[in-house]
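Undergrad: There's a structure below that I have some questions on.
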Amino acid sequence: MMTPPYILAALVVIVLTGPCYGNPAPARRTSVPCVSGPLGMESGAIPDASITASSSWSGYPPSNARLNVGTEGWLPSTPANQWIQVDLGGHVAVTGIVIQGKPGSDWHVTSFTVQTRVNGSDWQDVVDTNGTAVRFRAESEESKNLTFPVVPMARYLRILPQTWTHQYYRVKFEVLGCPVSNGMLWLVDGDDALSGRVEIYHESTATWGAVSSNGWDLSDANIACRQHHPFLEAVQAGASSAGTDLPIVMNGVACRGTENRLVDCPFVCNEYQPRSSSRVATVVCRPDVTKIVRLAGGSVNHRGRVEVYRNNTWGSICDNDWDINDAAVVCRMLGFPGAEAAKSGAYFGQGSGPVHMDGVACTGSEGSILDCPSSCWEEPQCSHSQDAGVICEWD
């Protein structure tokens, strides 16, 4: 994944803790910067007090509207001109909802609209890519997963039934999306997940913005890559004139190299600029190989059990076919000239967690152990009694 540019240019560079925004119109986005999932109606992460409605029939409160919890659902006192809403607890990229009627009955809404809003703003209809309000349909009381054609940023979501099968219809639902925090960075329109145009989220205006390429360099790009994931480093800091309707929200970025987020870097603070006024920053990131492999259990830093970072966790390597070529790749990743020995049988003690690789078959010329062939189609069946280790050459 990638994170875009931050730039030097202007008369004065001011150190700030966040980007400076005016009031840009939100762009219509069809994708999200994070992994979408249920936001808490079914799990209970959204509390009862956050679920409210225009009215309720006695015994059928808004909190009954949790998907797959109980059987009844929310029932308004009259069918027409009613709504049920939920406070999502923070800014969320909302990708859709799952809606359900009363299971085993024919009491459900057949069409409805959805509105969202952020703090202090007006309610906005969920729209399609042309900006037209969408009327969603539900054919039965069974749960139906509905994806929004445009992904709104929201703190609150409201469902407004339009037609129904019975005056005592029920509503149960889940909201789908992912939380987005102030200063969050996203790489967009790159060749892969580790490259692209750098975009930043600003919570107070609930908008995404681009970074100007003025003065954008590898130091700035490195901060963007590390914010995207701590194990990434930048190999290219670029500029693009490719189309985006976002405003420029950071200009003259001047990272020192110690910042945790791009918005923590100094930059020129001014009102947002129309996209057409500037080229925007881009990055190409790659894994920092020194941070995805480590040696554990050894008495000194050039020897130990080999552990690699995959799927967001550290794990060991099985010693099946483990040899000096495999060990040499690991040692060079860690900055040593080569390998003195390849160790097997948990020579440096047994690890914990998963065993990530089995049957590793490096030629010795690879730049990373993750580039070496291994048994990929099945999970390793080794126990930690077969953890592989290395003794690296030491100058």
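Residue numbering restarts at 1 for every chain of the structure tokens, chains are lettered A, B, ... in their displayed order, and ligands are numbered from 1 as they appear.
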DSSP says helix (DSSP H, G or I) for which residues of range 258-359 of chain A? Put them as JSON, numbers by chain?

TA: {"A": [262, 263, 264, 275, 276, 277, 289, 290, 291, 324, 325, 326, 327, 328, 329, 330, 331, 332, 333]}

Undergrad: Since we have the selection now, will you write its residues out, keeping C-alpha atoms, as a compact mmCIF listing (two decimals), in the first residue's frame?

TA:
```txt
# COMPACT_ATOMS: atom_id res chain seq x y z
CA LEU A 262 2.23 12.48 7.48
CA VAL A 263 0.06 15.15 9.10
CA ASP A 264 2.61 15.40 11.93
CA ARG A 275 -7.19 20.04 -7.46
CA SER A 276 -6.49 21.72 -10.82
CA SER A 277 -3.99 24.11 -9.25
CA VAL A 289 13.10 -6.54 4.74
CA THR A 290 14.97 -5.83 7.95
CA LYS A 291 11.61 -5.57 9.73
CA ILE A 324 22.69 -23.06 3.97
CA ASN A 325 21.14 -21.32 0.92
CA ASP A 326 17.99 -20.55 2.92
CA ALA A 327 20.06 -19.39 5.89
CA ALA A 328 22.17 -17.11 3.66
CA VAL A 329 19.10 -15.23 2.42
CA VAL A 330 17.95 -14.63 6.01
CA CYS A 331 21.38 -13.43 7.12
CA ARG A 332 21.72 -10.98 4.23
CA MET A 333 18.26 -9.60 4.98
```

Undergrad: Excluding Lys102 in chain A and any residue of its chain fewer than 3 positions from it, enumerate the residues within 6 Å of it, using only C-alpha atoms, and give them as a list in words.

TA: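 Skipping anything fewer than 3 positions along the chain leaves Glu72, Ser105, Trp107, Glu141 and Arg170 of chain A.
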
Undergrad: Which residue out of A:Asn222, A:Thr258, A:Thr207, A:Ser375 has the minimum interatomic distance to Val92 in chain A when only C-alpha atoms are used?

TA: A:Thr207

Undergrad: Counting only C-alpha atoms, which of A:Ala237, A:Leu232, A:Ile292, A:Val94 gets nearest to Val280 in chain A?

TA: A:Ala237

Undergrad: Check the smallest atom-to-atom distance from each of A:Thr30, A:Thr110, A:Ser212, A:Ser77 to Val127 in chain A using only C-alpha atoms, then report the winner.

TA: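 Checking each candidate against Val127 in chain A, we get A:Thr30 as the closest.
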
Undergrad: Would you work out the distance separating CA of Phe348 in chain A from CA of Ser383 in chain A, expressed in Å to one decimal?

TA: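 Value for the CA of Phe348 in chain A-CA of Ser383 in chain A distance: 14.4 Å.
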
Undergrad: As number ranges by chain, please: the residues near Asn301 in chain A (cut-off 12 Å, only C-alpha atoms, same-chain neighbours under 2 positions excluded).

TA: A: 294-299, 303-306, 331, 334-336, 390-394

Undergrad: Would you save the residues of that selection, restricted to N, CA, C and O atoms, as a PDB file, in the first residue's frame?

TA:
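Contents of selection.pdb, freshly written:
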```
ATOM      1  N   ARG A 294      13.374 -11.789  11.872  1.00  0.00           N
ATOM      2  CA  ARG A 294      14.159 -11.562  13.087  1.00  0.00           C
ATOM      3  C   ARG A 294      14.715 -12.884  13.581  1.00  0.00           C
ATOM      4  O   ARG A 294      14.223 -13.963  13.197  1.00  0.00           O
ATOM      5  N   LEU A 295      15.730 -12.788  14.423  1.00  0.00           N
ATOM      6  CA  LEU A 295      16.304 -13.970  15.064  1.00  0.00           C
ATOM      7  C   LEU A 295      15.952 -13.932  16.543  1.00  0.00           C
ATOM      8  O   LEU A 295      16.101 -12.903  17.204  1.00  0.00           O
ATOM      9  N   ALA A 296      15.486 -15.060  17.057  1.00  0.00           N
ATOM     10  CA  ALA A 296      15.060 -15.131  18.451  1.00  0.00           C
ATOM     11  C   ALA A 296      15.731 -16.321  19.134  1.00  0.00           C
ATOM     12  O   ALA A 296      16.048 -17.331  18.495  1.00  0.00           O
ATOM     13  N   GLY A 297      15.958 -16.203  20.425  1.00  0.00           N
ATOM     14  CA  GLY A 297      16.469 -17.317  21.217  1.00  0.00           C
ATOM     15  C   GLY A 297      17.973 -17.473  21.219  1.00  0.00           C
ATOM     16  O   GLY A 297      18.498 -18.356  21.915  1.00  0.00           O
ATOM     17  N   GLY A 298      18.685 -16.641  20.454  1.00  0.00           N
ATOM     18  CA  GLY A 298      20.143 -16.750  20.431  1.00  0.00           C
ATOM     19  C   GLY A 298      20.782 -15.876  21.500  1.00  0.00           C
ATOM     20  O   GLY A 298      20.182 -14.921  21.994  1.00  0.00           O
ATOM     21  N   SER A 299      22.012 -16.172  21.836  1.00  0.00           N
ATOM     22  CA  SER A 299      22.719 -15.405  22.867  1.00  0.00           C
ATOM     23  C   SER A 299      23.304 -14.110  22.316  1.00  0.00           C
ATOM     24  O   SER A 299      23.605 -13.185  23.074  1.00  0.00           O
ATOM     25  N   ARG A 303      22.737 -14.900  15.607  1.00  0.00           N
ATOM     26  CA  ARG A 303      22.348 -16.316  15.642  1.00  0.00           C
ATOM     27  C   ARG A 303      21.005 -16.443  16.356  1.00  0.00           C
ATOM     28  O   ARG A 303      20.705 -15.698  17.295  1.00  0.00           O
ATOM     29  N   GLY A 304      20.178 -17.400  15.910  1.00  0.00           N
ATOM     30  CA  GLY A 304      18.894 -17.591  16.568  1.00  0.00           C
ATOM     31  C   GLY A 304      17.872 -18.290  15.700  1.00  0.00           C
ATOM     32  O   GLY A 304      18.143 -18.643  14.540  1.00  0.00           O
ATOM     33  N   ARG A 305      16.721 -18.490  16.274  1.00  0.00           N
ATOM     34  CA  ARG A 305      15.587 -19.078  15.565  1.00  0.00           C
ATOM     35  C   ARG A 305      15.036 -18.044  14.584  1.00  0.00           C
ATOM     36  O   ARG A 305      14.859 -16.876  14.926  1.00  0.00           O
ATOM     37  N   VAL A 306      14.754 -18.483  13.348  1.00  0.00           N
ATOM     38  CA  VAL A 306      14.260 -17.563  12.327  1.00  0.00           C
ATOM     39  C   VAL A 306      12.755 -17.378  12.498  1.00  0.00           C
ATOM     40  O   VAL A 306      11.993 -18.349  12.525  1.00  0.00           O
ATOM     41  N   CYS A 331      20.271 -14.212   6.552  1.00  0.00           N
ATOM     42  CA  CYS A 331      21.376 -13.433   7.117  1.00  0.00           C
ATOM     43  C   CYS A 331      21.606 -12.143   6.335  1.00  0.00           C
ATOM     44  O   CYS A 331      21.838 -11.079   6.925  1.00  0.00           O
ATOM     45  N   LEU A 334      19.259  -9.392   7.169  1.00  0.00           N
ATOM     46  CA  LEU A 334      19.548  -8.757   8.444  1.00  0.00           C
ATOM     47  C   LEU A 334      20.854  -7.966   8.428  1.00  0.00           C
ATOM     48  O   LEU A 334      21.280  -7.460   9.478  1.00  0.00           O
ATOM     49  N   GLY A 335      21.486  -7.873   7.253  1.00  0.00           N
ATOM     50  CA  GLY A 335      22.680  -7.047   7.135  1.00  0.00           C
ATOM     51  C   GLY A 335      23.991  -7.768   7.357  1.00  0.00           C
ATOM     52  O   GLY A 335      25.060  -7.123   7.400  1.00  0.00           O
ATOM     53  N   PHE A 336      23.965  -9.088   7.465  1.00  0.00           N
ATOM     54  CA  PHE A 336      25.199  -9.870   7.621  1.00  0.00           C
ATOM     55  C   PHE A 336      25.686 -10.336   6.251  1.00  0.00           C
ATOM     56  O   PHE A 336      24.897 -10.475   5.310  1.00  0.00           O
ATOM     57  N   VAL A 390      19.499 -20.078  12.296  1.00  0.00           N
ATOM     58  CA  VAL A 390      20.700 -19.741  11.531  1.00  0.00           C
ATOM     59  C   VAL A 390      21.803 -19.223  12.464  1.00  0.00           C
ATOM     60  O   VAL A 390      21.529 -18.717  13.550  1.00  0.00           O
ATOM     61  N   ILE A 391      23.029 -19.401  11.989  1.00  0.00           N
ATOM     62  CA  ILE A 391      24.182 -18.703  12.554  1.00  0.00           C
ATOM     63  C   ILE A 391      24.786 -17.901  11.396  1.00  0.00           C
ATOM     64  O   ILE A 391      25.206 -18.462  10.380  1.00  0.00           O
ATOM     65  N   CYS A 392      24.735 -16.589  11.518  1.00  0.00           N
ATOM     66  CA  CYS A 392      25.197 -15.732  10.444  1.00  0.00           C
ATOM     67  C   CYS A 392      26.698 -15.428  10.585  1.00  0.00           C
ATOM     68  O   CYS A 392      27.245 -15.420  11.688  1.00  0.00           O
ATOM     69  N   GLU A 393      27.324 -15.160   9.427  1.00  0.00           N
ATOM     70  CA  GLU A 393      28.726 -14.725   9.443  1.00  0.00           C
ATOM     71  C   GLU A 393      28.805 -13.372  10.122  1.00  0.00           C
ATOM     72  O   GLU A 393      27.932 -12.517   9.960  1.00  0.00           O
ATOM     73  N   TRP A 394      29.837 -13.166  10.847  1.00  0.00           N
ATOM     74  CA  TRP A 394      29.991 -11.954  11.652  1.00  0.00           C
ATOM     75  C   TRP A 394      31.345 -11.338  11.360  1.00  0.00           C
ATOM     76  O   TRP A 394      32.384 -11.967  11.566  1.00  0.00           O
TER      77      TRP A 394
END
```

Undergrad: Between CA of Gly90 in chain A and CA of Trp57 in chain A, what is the distance, to one decimal in Å?

TA: 29.0 Å

Undergrad: Which residues of range 246-293 of chain A come within 12 Å of range 176-194 of chain A, and what is each one's closest atom pair and distance in Å (one decimal), counting only C-alpha atoms, sorted by chain and residue number, as JSON lines?

TA:
```
{"residue": "A:Leu246", "atom": "CA", "partner": "A:Val188", "partner_atom": "CA", "distance": 11.8}
{"residue": "A:Val249", "atom": "CA", "partner": "A:Gly183", "partner_atom": "CA", "distance": 11.1}
{"residue": "A:Met250", "atom": "CA", "partner": "A:Gly183", "partner_atom": "CA", "distance": 11.2}
{"residue": "A:Asn260", "atom": "CA", "partner": "A:Gly183", "partner_atom": "CA", "distance": 10.7}
{"residue": "A:Arg261", "atom": "CA", "partner": "A:Gly183", "partner_atom": "CA", "distance": 7.4}
{"residue": "A:Leu262", "atom": "CA", "partner": "A:Gly183", "partner_atom": "CA", "distance": 7.7}
{"residue": "A:Val263", "atom": "CA", "partner": "A:Gly183", "partner_atom": "CA", "distance": 6.1}
{"residue": "A:Asp264", "atom": "CA", "partner": "A:Gly183", "partner_atom": "CA", "distance": 8.8}
{"residue": "A:Cys265", "atom": "CA", "partner": "A:Gly183", "partner_atom": "CA", "distance": 11.3}
{"residue": "A:Val280", "atom": "CA", "partner": "A:Val188", "partner_atom": "CA", "distance": 11.5}
{"residue": "A:Ala281", "atom": "CA", "partner": "A:Leu187", "partner_atom": "CA", "distance": 10.3}
{"residue": "A:Thr282", "atom": "CA", "partner": "A:Leu187", "partner_atom": "CA", "distance": 8.0}
{"residue": "A:Val283", "atom": "CA", "partner": "A:Leu187", "partner_atom": "CA", "distance": 8.0}
{"residue": "A:Val284", "atom": "CA", "partner": "A:Leu194", "partner_atom": "CA", "distance": 6.1}
{"residue": "A:Cys285", "atom": "CA", "partner": "A:Leu194", "partner_atom": "CA", "distance": 5.1}
{"residue": "A:Arg286", "atom": "CA", "partner": "A:Leu194", "partner_atom": "CA", "distance": 6.6}
{"residue": "A:Pro287", "atom": "CA", "partner": "A:Leu194", "partner_atom": "CA", "distance": 8.9}
```

Undergrad: Could you take the residues named above and write them with N, CA and C atoms, as an mmCIF file, in the first residue's frame?

TA:
```
data_model
loop_
_atom_site.group_PDB
_atom_site.id
_atom_site.type_symbol
_atom_site.label_atom_id
_atom_site.label_comp_id
_atom_site.auth_asym_id
_atom_site.auth_seq_id
_atom_site.Cartn_x
_atom_site.Cartn_y
_atom_site.Cartn_z
ATOM 1 N N LEU A 246 -10.394 15.798 -5.619
ATOM 2 C CA LEU A 246 -10.129 16.207 -4.245
ATOM 3 C C LEU A 246 -9.334 17.513 -4.195
ATOM 4 N N VAL A 249 -4.745 19.560 0.314
ATOM 5 C CA VAL A 249 -4.882 19.915 1.725
ATOM 6 C C VAL A 249 -3.543 20.008 2.454
ATOM 7 N N MET A 250 -2.448 19.554 1.825
ATOM 8 C CA MET A 250 -1.112 19.716 2.387
ATOM 9 C C MET A 250 -0.188 20.193 1.273
ATOM 10 N N ASN A 260 5.261 9.999 13.055
ATOM 11 C CA ASN A 260 4.485 8.768 12.937
ATOM 12 C C ASN A 260 3.426 8.855 11.838
ATOM 13 N N ARG A 261 2.985 10.078 11.540
ATOM 14 C CA ARG A 261 1.958 10.277 10.516
ATOM 15 C C ARG A 261 2.389 11.420 9.609
ATOM 16 N N LEU A 262 1.889 11.415 8.405
ATOM 17 C CA LEU A 262 2.229 12.478 7.478
ATOM 18 C C LEU A 262 1.761 13.837 8.001
ATOM 19 N N VAL A 263 0.582 13.871 8.631
ATOM 20 C CA VAL A 263 0.061 15.152 9.103
ATOM 21 C C VAL A 263 0.836 15.700 10.299
ATOM 22 N N ASP A 264 1.749 14.900 10.858
ATOM 23 C CA ASP A 264 2.611 15.400 11.935
ATOM 24 C C ASP A 264 3.825 16.146 11.386
ATOM 25 N N CYS A 265 4.043 16.076 10.081
ATOM 26 C CA CYS A 265 5.175 16.762 9.455
ATOM 27 C C CYS A 265 4.870 18.254 9.287
ATOM 28 N N VAL A 280 -0.208 16.274 -7.727
ATOM 29 C CA VAL A 280 -0.355 15.652 -6.412
ATOM 30 C C VAL A 280 0.727 14.611 -6.180
ATOM 31 N N ALA A 281 1.016 14.398 -4.909
ATOM 32 C CA ALA A 281 2.096 13.497 -4.502
ATOM 33 C C ALA A 281 1.678 12.035 -4.627
ATOM 34 N N THR A 282 2.648 11.216 -5.024
ATOM 35 C CA THR A 282 2.445 9.771 -5.090
ATOM 36 C C THR A 282 3.628 9.071 -4.429
ATOM 37 N N VAL A 283 3.435 7.802 -4.097
ATOM 38 C CA VAL A 283 4.525 7.015 -3.511
ATOM 39 C C VAL A 283 4.507 5.603 -4.071
ATOM 40 N N VAL A 284 5.664 4.970 -4.019
ATOM 41 C CA VAL A 284 5.795 3.534 -4.226
ATOM 42 C C VAL A 284 6.495 2.996 -2.986
ATOM 43 N N CYS A 285 5.820 2.104 -2.284
ATOM 44 C CA CYS A 285 6.372 1.514 -1.060
ATOM 45 C C CYS A 285 6.774 0.062 -1.322
ATOM 46 N N ARG A 286 7.606 -0.445 -0.457
ATOM 47 C CA ARG A 286 7.954 -1.871 -0.489
ATOM 48 C C ARG A 286 8.223 -2.303 0.948
ATOM 49 N N PRO A 287 8.151 -3.609 1.228
ATOM 50 C CA PRO A 287 8.458 -4.063 2.587
ATOM 51 C C PRO A 287 9.909 -3.760 2.954
#
```

Undergrad: Determine which residues of range 62-112 of chain A DSSP labels as strand (DSSP E or B) from the backbone of this structure, then write them out as a list in words.

TA: Arg66, Trp74, Ile84, Gln85, Val86, Asp87, Leu88, Gly89, Gly90, His91, Val92, Ala93, Val94, Thr95, Gly96, Ile97, Val98, Ile99, Gln100, His108, Val109, Thr110, Ser111 and Phe112 of chain A

Undergrad: Give me the residues near range 143-148 of chain A as a PDB file with N, CA, C and O atoms, in the first residue's frame, where near means some atom within 10 Å (using only C-alpha atoms) and where sequence neighbours in that chain fewer than 3 positions away do not count.

TA:
```pdb
ATOM      1  N   THR A  30     -16.249   5.241  -4.416  1.00  0.00           N
ATOM      2  CA  THR A  30     -16.883   3.933  -4.505  1.00  0.00           C
ATOM      3  C   THR A  30     -16.065   2.851  -3.804  1.00  0.00           C
ATOM      4  O   THR A  30     -16.442   1.688  -3.813  1.00  0.00           O
ATOM      5  N   SER A  31     -14.932   3.217  -3.198  1.00  0.00           N
ATOM      6  CA  SER A  31     -14.103   2.254  -2.483  1.00  0.00           C
ATOM      7  C   SER A  31     -13.751   2.829  -1.117  1.00  0.00           C
ATOM      8  O   SER A  31     -13.999   3.997  -0.838  1.00  0.00           O
ATOM      9  N   LEU A  67     -29.587  -6.990  14.045  1.00  0.00           N
ATOM     10  CA  LEU A  67     -29.649  -8.124  13.112  1.00  0.00           C
ATOM     11  C   LEU A  67     -29.354  -9.430  13.843  1.00  0.00           C
ATOM     12  O   LEU A  67     -28.384  -9.525  14.604  1.00  0.00           O
ATOM     13  N   ASN A  68     -30.222 -10.425  13.619  1.00  0.00           N
ATOM     14  CA  ASN A  68     -30.031 -11.786  14.143  1.00  0.00           C
ATOM     15  C   ASN A  68     -30.018 -11.872  15.665  1.00  0.00           C
ATOM     16  O   ASN A  68     -29.524 -12.842  16.234  1.00  0.00           O
ATOM     17  N   VAL A  94     -19.051   4.156   5.287  1.00  0.00           N
ATOM     18  CA  VAL A  94     -20.174   3.218   5.311  1.00  0.00           C
ATOM     19  C   VAL A  94     -20.325   2.589   3.931  1.00  0.00           C
ATOM     20  O   VAL A  94     -20.575   3.278   2.941  1.00  0.00           O
ATOM     21  N   THR A  95     -20.197   1.274   3.879  1.00  0.00           N
ATOM     22  CA  THR A  95     -20.243   0.575   2.590  1.00  0.00           C
ATOM     23  C   THR A  95     -21.606  -0.021   2.275  1.00  0.00           C
ATOM     24  O   THR A  95     -21.882  -0.359   1.130  1.00  0.00           O
ATOM     25  N   GLY A  96     -22.466  -0.163   3.290  1.00  0.00           N
ATOM     26  CA  GLY A  96     -23.779  -0.737   3.030  1.00  0.00           C
ATOM     27  C   GLY A  96     -24.469  -1.133   4.315  1.00  0.00           C
ATOM     28  O   GLY A  96     -24.001  -0.825   5.419  1.00  0.00           O
ATOM     29  N   ILE A  97     -25.593  -1.833   4.183  1.00  0.00           N
ATOM     30  CA  ILE A  97     -26.303  -2.364   5.339  1.00  0.00           C
ATOM     31  C   ILE A  97     -26.813  -3.762   5.017  1.00  0.00           C
ATOM     32  O   ILE A  97     -26.910  -4.159   3.845  1.00  0.00           O
ATOM     33  N   VAL A  98     -27.131  -4.499   6.061  1.00  0.00           N
ATOM     34  CA  VAL A  98     -27.886  -5.752   5.934  1.00  0.00           C
ATOM     35  C   VAL A  98     -29.223  -5.494   6.607  1.00  0.00           C
ATOM     36  O   VAL A  98     -29.262  -5.072   7.771  1.00  0.00           O
ATOM     37  N   ILE A  99     -30.324  -5.705   5.906  1.00  0.00           N
ATOM     38  CA  ILE A  99     -31.659  -5.436   6.453  1.00  0.00           C
ATOM     39  C   ILE A  99     -32.482  -6.720   6.482  1.00  0.00           C
ATOM     40  O   ILE A  99     -32.287  -7.611   5.644  1.00  0.00           O
ATOM     41  N   GLN A 100     -33.391  -6.799   7.466  1.00  0.00           N
ATOM     42  CA  GLN A 100     -34.160  -8.023   7.689  1.00  0.00           C
ATOM     43  C   GLN A 100     -35.531  -7.652   8.253  1.00  0.00           C
ATOM     44  O   GLN A 100     -35.660  -6.649   8.980  1.00  0.00           O
ATOM     45  N   GLY A 101     -36.543  -8.437   7.917  1.00  0.00           N
ATOM     46  CA  GLY A 101     -37.861  -8.292   8.536  1.00  0.00           C
ATOM     47  C   GLY A 101     -38.003  -9.247   9.698  1.00  0.00           C
ATOM     48  O   GLY A 101     -37.012  -9.716  10.257  1.00  0.00           O
ATOM     49  N   LYS A 102     -39.266  -9.559  10.066  1.00  0.00           N
ATOM     50  CA  LYS A 102     -39.480 -10.531  11.135  1.00  0.00           C
ATOM     51  C   LYS A 102     -39.358 -11.928  10.554  1.00  0.00           C
ATOM     52  O   LYS A 102     -40.148 -12.315   9.676  1.00  0.00           O
ATOM     53  N   PRO A 103     -38.381 -12.728  11.020  1.00  0.00           N
ATOM     54  CA  PRO A 103     -38.196 -14.073  10.468  1.00  0.00           C
ATOM     55  C   PRO A 103     -39.470 -14.917  10.604  1.00  0.00           C
ATOM     56  O   PRO A 103     -40.180 -14.855  11.604  1.00  0.00           O
ATOM     57  N   VAL A 114     -31.940   5.627   2.631  1.00  0.00           N
ATOM     58  CA  VAL A 114     -30.962   5.724   3.718  1.00  0.00           C
ATOM     59  C   VAL A 114     -30.339   7.116   3.680  1.00  0.00           C
ATOM     60  O   VAL A 114     -30.041   7.638   2.593  1.00  0.00           O
ATOM     61  N   VAL A 126     -28.178   8.713   0.690  1.00  0.00           N
ATOM     62  CA  VAL A 126     -27.228   7.839   0.013  1.00  0.00           C
ATOM     63  C   VAL A 126     -27.558   7.887  -1.472  1.00  0.00           C
ATOM     64  O   VAL A 126     -28.710   7.675  -1.873  1.00  0.00           O
ATOM     65  N   VAL A 127     -26.539   8.166  -2.295  1.00  0.00           N
ATOM     66  CA  VAL A 127     -26.769   8.411  -3.716  1.00  0.00           C
ATOM     67  C   VAL A 127     -25.984   7.431  -4.574  1.00  0.00           C
ATOM     68  O   VAL A 127     -25.093   6.725  -4.095  1.00  0.00           O
ATOM     69  N   ASP A 128     -26.320   7.425  -5.858  1.00  0.00           N
ATOM     70  CA  ASP A 128     -25.536   6.642  -6.812  1.00  0.00           C
ATOM     71  C   ASP A 128     -24.425   7.531  -7.376  1.00  0.00           C
ATOM     72  O   ASP A 128     -24.258   8.680  -6.961  1.00  0.00           O
ATOM     73  N   THR A 129     -23.669   7.012  -8.322  1.00  0.00           N
ATOM     74  CA  THR A 129     -22.519   7.752  -8.853  1.00  0.00           C
ATOM     75  C   THR A 129     -22.929   8.993  -9.636  1.00  0.00           C
ATOM     76  O   THR A 129     -22.095   9.851  -9.907  1.00  0.00           O
ATOM     77  N   VAL A 134     -30.831   6.958  -3.808  1.00  0.00           N
ATOM     78  CA  VAL A 134     -31.123   5.557  -4.102  1.00  0.00           C
ATOM     79  C   VAL A 134     -32.291   5.079  -3.239  1.00  0.00           C
ATOM     80  O   VAL A 134     -32.320   5.331  -2.024  1.00  0.00           O
ATOM     81  N   PHE A 136     -33.690   1.676  -1.972  1.00  0.00           N
ATOM     82  CA  PHE A 136     -33.314   0.273  -1.858  1.00  0.00           C
ATOM     83  C   PHE A 136     -34.556  -0.600  -1.724  1.00  0.00           C
ATOM     84  O   PHE A 136     -35.582  -0.169  -1.196  1.00  0.00           O
ATOM     85  N   ARG A 137     -34.451  -1.853  -2.179  1.00  0.00           N
ATOM     86  CA  ARG A 137     -35.588  -2.769  -2.150  1.00  0.00           C
ATOM     87  C   ARG A 137     -35.242  -4.048  -1.391  1.00  0.00           C
ATOM     88  O   ARG A 137     -34.115  -4.515  -1.417  1.00  0.00           O
ATOM     89  N   ALA A 138     -36.246  -4.586  -0.704  1.00  0.00           N
ATOM     90  CA  ALA A 138     -36.117  -5.857   0.008  1.00  0.00           C
ATOM     91  C   ALA A 138     -37.310  -6.717  -0.373  1.00  0.00           C
ATOM     92  O   ALA A 138     -38.460  -6.310  -0.178  1.00  0.00           O
ATOM     93  N   GLU A 139     -37.048  -7.896  -0.938  1.00  0.00           N
ATOM     94  CA  GLU A 139     -38.131  -8.708  -1.490  1.00  0.00           C
ATOM     95  C   GLU A 139     -38.825  -9.584  -0.455  1.00  0.00           C
ATOM     96  O   GLU A 139     -39.929 -10.076  -0.677  1.00  0.00           O
ATOM     97  N   SER A 140     -38.182  -9.840   0.689  1.00  0.00           N
ATOM     98  CA  SER A 140     -38.768 -10.744   1.677  1.00  0.00           C
ATOM     99  C   SER A 140     -38.281 -10.351   3.062  1.00  0.00           C
ATOM    100  O   SER A 140     -37.540  -9.381   3.221  1.00  0.00           O
ATOM    101  N   VAL A 151     -19.636   5.478  -1.355  1.00  0.00           N
ATOM    102  CA  VAL A 151     -19.331   5.256   0.059  1.00  0.00           C
ATOM    103  C   VAL A 151     -19.319   6.590   0.803  1.00  0.00           C
ATOM    104  O   VAL A 151     -18.397   7.390   0.628  1.00  0.00           O
ATOM    105  N   PRO A 152     -20.336   6.865   1.640  1.00  0.00           N
ATOM    106  CA  PRO A 152     -20.333   8.128   2.388  1.00  0.00           C
ATOM    107  C   PRO A 152     -19.503   8.016   3.659  1.00  0.00           C
ATOM    108  O   PRO A 152     -19.345   6.934   4.227  1.00  0.00           O
ATOM    109  N   LYS A 172     -34.918  -5.026  11.252  1.00  0.00           N
ATOM    110  CA  LYS A 172     -33.680  -5.433  11.907  1.00  0.00           C
ATOM    111  C   LYS A 172     -32.556  -5.155  10.919  1.00  0.00           C
ATOM    112  O   LYS A 172     -32.722  -5.371   9.713  1.00  0.00           O
ATOM    113  N   PHE A 173     -31.413  -4.697  11.395  1.00  0.00           N
ATOM    114  CA  PHE A 173     -30.355  -4.352  10.438  1.00  0.00           C
ATOM    115  C   PHE A 173     -28.967  -4.365  11.073  1.00  0.00           C
ATOM    116  O   PHE A 173     -28.813  -4.371  12.293  1.00  0.00           O
ATOM    117  N   GLU A 174     -27.980  -4.389  10.219  1.00  0.00           N
ATOM    118  CA  GLU A 174     -26.565  -4.217  10.573  1.00  0.00           C
ATOM    119  C   GLU A 174     -25.982  -3.185   9.620  1.00  0.00           C
ATOM    120  O   GLU A 174     -26.393  -3.094   8.452  1.00  0.00           O
ATOM    121  N   VAL A 175     -25.051  -2.369  10.104  1.00  0.00           N
ATOM    122  CA  VAL A 175     -24.358  -1.386   9.275  1.00  0.00           C
ATOM    123  C   VAL A 175     -22.980  -1.934   8.949  1.00  0.00           C
ATOM    124  O   VAL A 175     -22.278  -2.464   9.826  1.00  0.00           O
ATOM    125  N   LEU A 176     -22.572  -1.812   7.684  1.00  0.00           N
ATOM    126  CA  LEU A 176     -21.277  -2.310   7.227  1.00  0.00           C
ATOM    127  C   LEU A 176     -20.359  -1.142   6.882  1.00  0.00           C
ATOM    128  O   LEU A 176     -20.789  -0.148   6.302  1.00  0.00           O
TER     129      LEU A 176
END
```

Undergrad: Separation of CA of Met357 in chain A and CA of Val293 in chain A, in Å?

TA: 12.4 Å

Undergrad: Which is closer to His166 in chain A than all the others in A:Asp245, A:Asp106, A:Asp122, A:Glu379, using only C-alpha atoms?

TA: A:Asp106

Undergrad: Within 12 Å of Thr78 in chain A, counting only C-alpha atoms, which residues show up once you throw out same-chain ones fewer than 6 positions away? Write them as a ChimeraX atom specification, please.

TA: /A:54-58,161,164,166-170

Undergrad: So that I can see what lies close to Ala154 in chain A, please list as JSON, numbers by chain the residues with an atom at most 6 Å from it, counting only C-alpha atoms and leaving out residues fewer than 2 positions away in the same chain.

TA: {"A": [91, 92, 116, 117, 118, 156]}

Undergrad: So which one's closest to Ala45 in chain A, A:Tyr309, A:Gly209, A:Asp87, A:Cys255? Using only C-alpha atoms, please.

TA: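 Smallest distance to Ala45 in chain A is found for A:Asp87.
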